[in-house]
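Chemist: Input: one structure, supplied below.
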Amino acid sequence: SSADKDFDSKLKALLAFETAQDDGIDEVVANILKDVKKRGDEAVLEYTNRFDKTNASKLAELEIPQSELQAALRGLPAAQREALQTAADRVRSYHEKQLMASWQYTEADGTILGQQVTSLDRVGLYVPGGKAAYPSSVLMNAIPAKVAGVPEVVMVVPTPGGERNPIVLAAAALAGVDRIFTIGGAQAIGAIGQWGQLLTAVDEAVAGIVARQALVGAHQGRNIARCRQAPRAYRLRRRAGGHRPGKFVHLDRARPGARTRQMEHAGGRQDHAA
């Protein structure tokens, strides 16, 4: 129980080993990103073939066609399809209520003041895969982007051994994801964030689980890519859920509070509770 006197010490021991705190892993990731920056898609393809046991000769072979997404959606059992649709509808309904409107007015001296809200041109979405399936990461990141009016949402997801999870693909179909590549790991972040050629840089990249000491379950995705020529826009860091199998800790004595988000507008920056 969280009321026990030794609760904190027991919790600390339970969480003593976290891969996100391993300096060796940080170094490996940094080297992968450095290599992707240097060699671009060649490096992305090499690491993907090595880590996910694929045998692609070019990145274009790793793109999943829209027809496969629709087939995955049609092939879901009725109960799963209904649950996924309900979740998508609720996420969309919630974020539609968050939409900001552009406005302006003219003062007596003729000065025109206002706020212009526009969407980002392109957003990249990293969905965890391999050990488990995270359709929630697809819905809770892609749908807010589409609601905000983002024309193109690009998704990357690892598929070790070439295994594609149908419910993740079905979620992408429901959420309106425009392009999907079966790429994972640090190389995928580098590819969509800054240095890929086929997956040209997006205005913002979001991920399901990328934060150090990330909260288990629903939590805020973190900005993981440099914004390049991003217009004044919604900064989409939406909720994404999930945890590693076998590493679940539930705390009932506190509820994580809402994060403060920033939105850019014509007059500067404005804080917004997400």
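Chain labels run A, B, ... following the order of the structure tokens; each chain numbers its residues from 1, and ligands are numbered from 1 in the order shown.
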Write out as an MDAnalysis selection string each polymer residue whose atoms come within 7 Å of A:Leu169, counting only C-alpha atoms; drop sequence neighbours fewer than 3 positions from it.
Modeler: chainID A and resid 69 72 165:166 172:173
Chemist: Could you turn the residues from that selection into a file that holds N, CA, C and O atoms, as a PDB file, in the first residue's frame?
Modeler:
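After the write, again_4.pdb holds the following:
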```
ATOM      1  N   LEU A  69      -4.040  -0.623 -45.041  1.00  0.00           N
ATOM      2  CA  LEU A  69      -4.661  -0.055 -43.837  1.00  0.00           C
ATOM      3  C   LEU A  69      -6.163  -0.316 -43.854  1.00  0.00           C
ATOM      4  O   LEU A  69      -6.744  -0.722 -42.835  1.00  0.00           O
ATOM      5  N   ALA A  72      -6.918  -3.928 -43.168  1.00  0.00           N
ATOM      6  CA  ALA A  72      -6.771  -4.247 -41.748  1.00  0.00           C
ATOM      7  C   ALA A  72      -8.009  -3.810 -40.973  1.00  0.00           C
ATOM      8  O   ALA A  72      -8.487  -4.525 -40.081  1.00  0.00           O
ATOM      9  N   ASN A 165       1.079  -5.312 -37.063  1.00  0.00           N
ATOM     10  CA  ASN A 165      -0.079  -5.500 -36.197  1.00  0.00           C
ATOM     11  C   ASN A 165      -1.324  -4.897 -36.840  1.00  0.00           C
ATOM     12  O   ASN A 165      -1.376  -3.688 -37.083  1.00  0.00           O
ATOM     13  N   PRO A 166      -2.343  -5.704 -37.105  1.00  0.00           N
ATOM     14  CA  PRO A 166      -3.515  -5.209 -37.833  1.00  0.00           C
ATOM     15  C   PRO A 166      -4.299  -4.133 -37.095  1.00  0.00           C
ATOM     16  O   PRO A 166      -4.858  -3.234 -37.728  1.00  0.00           O
ATOM     17  N   ALA A 172      -4.653   3.539 -37.732  1.00  0.00           N
ATOM     18  CA  ALA A 172      -4.118   4.531 -38.659  1.00  0.00           C
ATOM     19  C   ALA A 172      -5.137   4.878 -39.736  1.00  0.00           C
ATOM     20  O   ALA A 172      -5.266   6.037 -40.148  1.00  0.00           O
ATOM     21  N   ALA A 173      -5.871   3.865 -40.182  1.00  0.00           N
ATOM     22  CA  ALA A 173      -6.912   4.104 -41.188  1.00  0.00           C
ATOM     23  C   ALA A 173      -8.009   4.999 -40.611  1.00  0.00           C
ATOM     24  O   ALA A 173      -8.448   5.961 -41.262  1.00  0.00           O
TER      25      ALA A 173
END
```
Chemist: DSSP on the backbone, strand (DSSP E or B) only: what residues of stretch 60-176 of chain A does that give? Format it as a PyMOL selection string.
Modeler: chain A and resi 63-64+103-106+112-115+118+122-126+152-156
Chemist: Leaving out stretch 131-135 of chain A and any residue of its chain fewer than 4 positions from it, which residues lie within 7 Å of it when counting only C-alpha atoms, given as a PDB file with N, CA, C and O atoms, in the first residue's frame?
Modeler:
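Written out: around_18.pdb:
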```
ATOM      1  N   VAL A 127       5.064   5.532 -33.486  1.00  0.00           N
ATOM      2  CA  VAL A 127       4.222   4.635 -32.696  1.00  0.00           C
ATOM      3  C   VAL A 127       5.058   3.448 -32.233  1.00  0.00           C
ATOM      4  O   VAL A 127       5.651   2.748 -33.057  1.00  0.00           O
ATOM      5  N   LEU A 139      -4.255   6.906 -32.367  1.00  0.00           N
ATOM      6  CA  LEU A 139      -5.466   7.726 -32.258  1.00  0.00           C
ATOM      7  C   LEU A 139      -5.200   9.046 -31.551  1.00  0.00           C
ATOM      8  O   LEU A 139      -5.654  10.110 -31.994  1.00  0.00           O
ATOM      9  N   ASN A 165       1.079  -5.312 -37.063  1.00  0.00           N
ATOM     10  CA  ASN A 165      -0.079  -5.500 -36.197  1.00  0.00           C
ATOM     11  C   ASN A 165      -1.324  -4.897 -36.840  1.00  0.00           C
ATOM     12  O   ASN A 165      -1.376  -3.688 -37.083  1.00  0.00           O
ATOM     13  N   ILE A 167      -4.336  -4.186 -35.768  1.00  0.00           N
ATOM     14  CA  ILE A 167      -5.132  -3.184 -35.054  1.00  0.00           C
ATOM     15  C   ILE A 167      -4.441  -1.820 -35.075  1.00  0.00           C
ATOM     16  O   ILE A 167      -5.092  -0.773 -35.084  1.00  0.00           O
ATOM     17  N   VAL A 168      -3.113  -1.802 -35.133  1.00  0.00           N
ATOM     18  CA  VAL A 168      -2.380  -0.538 -35.276  1.00  0.00           C
ATOM     19  C   VAL A 168      -2.639   0.052 -36.659  1.00  0.00           C
ATOM     20  O   VAL A 168      -2.862   1.257 -36.810  1.00  0.00           O
ATOM     21  N   ALA A 171      -6.134   1.411 -36.755  1.00  0.00           N
ATOM     22  CA  ALA A 171      -6.211   2.706 -36.063  1.00  0.00           C
ATOM     23  C   ALA A 171      -5.703   3.821 -36.966  1.00  0.00           C
ATOM     24  O   ALA A 171      -6.257   4.926 -36.983  1.00  0.00           O
ATOM     25  N   GLY A 242       0.837   3.798 -22.936  1.00  0.00           N
ATOM     26  CA  GLY A 242       1.513   2.514 -23.096  1.00  0.00           C
ATOM     27  C   GLY A 242       2.636   2.338 -22.104  1.00  0.00           C
ATOM     28  O   GLY A 242       3.112   3.288 -21.510  1.00  0.00           O
TER      29      GLY A 242
END
```
Chemist: Counting only C-alpha atoms, give me one row per residue of stretch 28-139 of chain A with an atom at most 7 Å from an atom of stretch 180-191 of chain A, showing the shortest contact pair and its distance in Å to one decimal, sorted by chain then residue number, as CSV.
Modeler:
```
residue,atom,partner,partner_atom,distance
A:Val29,CA,A:Ala186,CA,6.0
A:Ile32,CA,A:Gln187,CA,6.3
A:Leu33,CA,A:Gly190,CA,5.8
A:Val36,CA,A:Gly190,CA,6.3
A:Val44,CA,A:Gln187,CA,5.3
A:Tyr47,CA,A:Gln187,CA,6.9
A:Thr48,CA,A:Ile183,CA,6.2
A:Leu62,CA,A:Thr182,CA,5.3
A:Glu63,CA,A:Phe181,CA,4.3
A:Ile64,CA,A:Ile180,CA,5.5
```
Chemist: Which residue is closest to A:Leu73? Choose from A:Leu113, A:Ala56, A:Ile192, A:Leu174 and count only C-alpha atoms.
Modeler: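 Closest to A:Leu73, using only C-alpha atoms: A:Leu174.
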Chemist: Looking only at helix (DSSP H, G or I) from DSSP on the backbone, list the matching residues of stretch 81-140 of chain A as a PyMOL selection string.
Modeler: chain A and resi 81-96+135-140
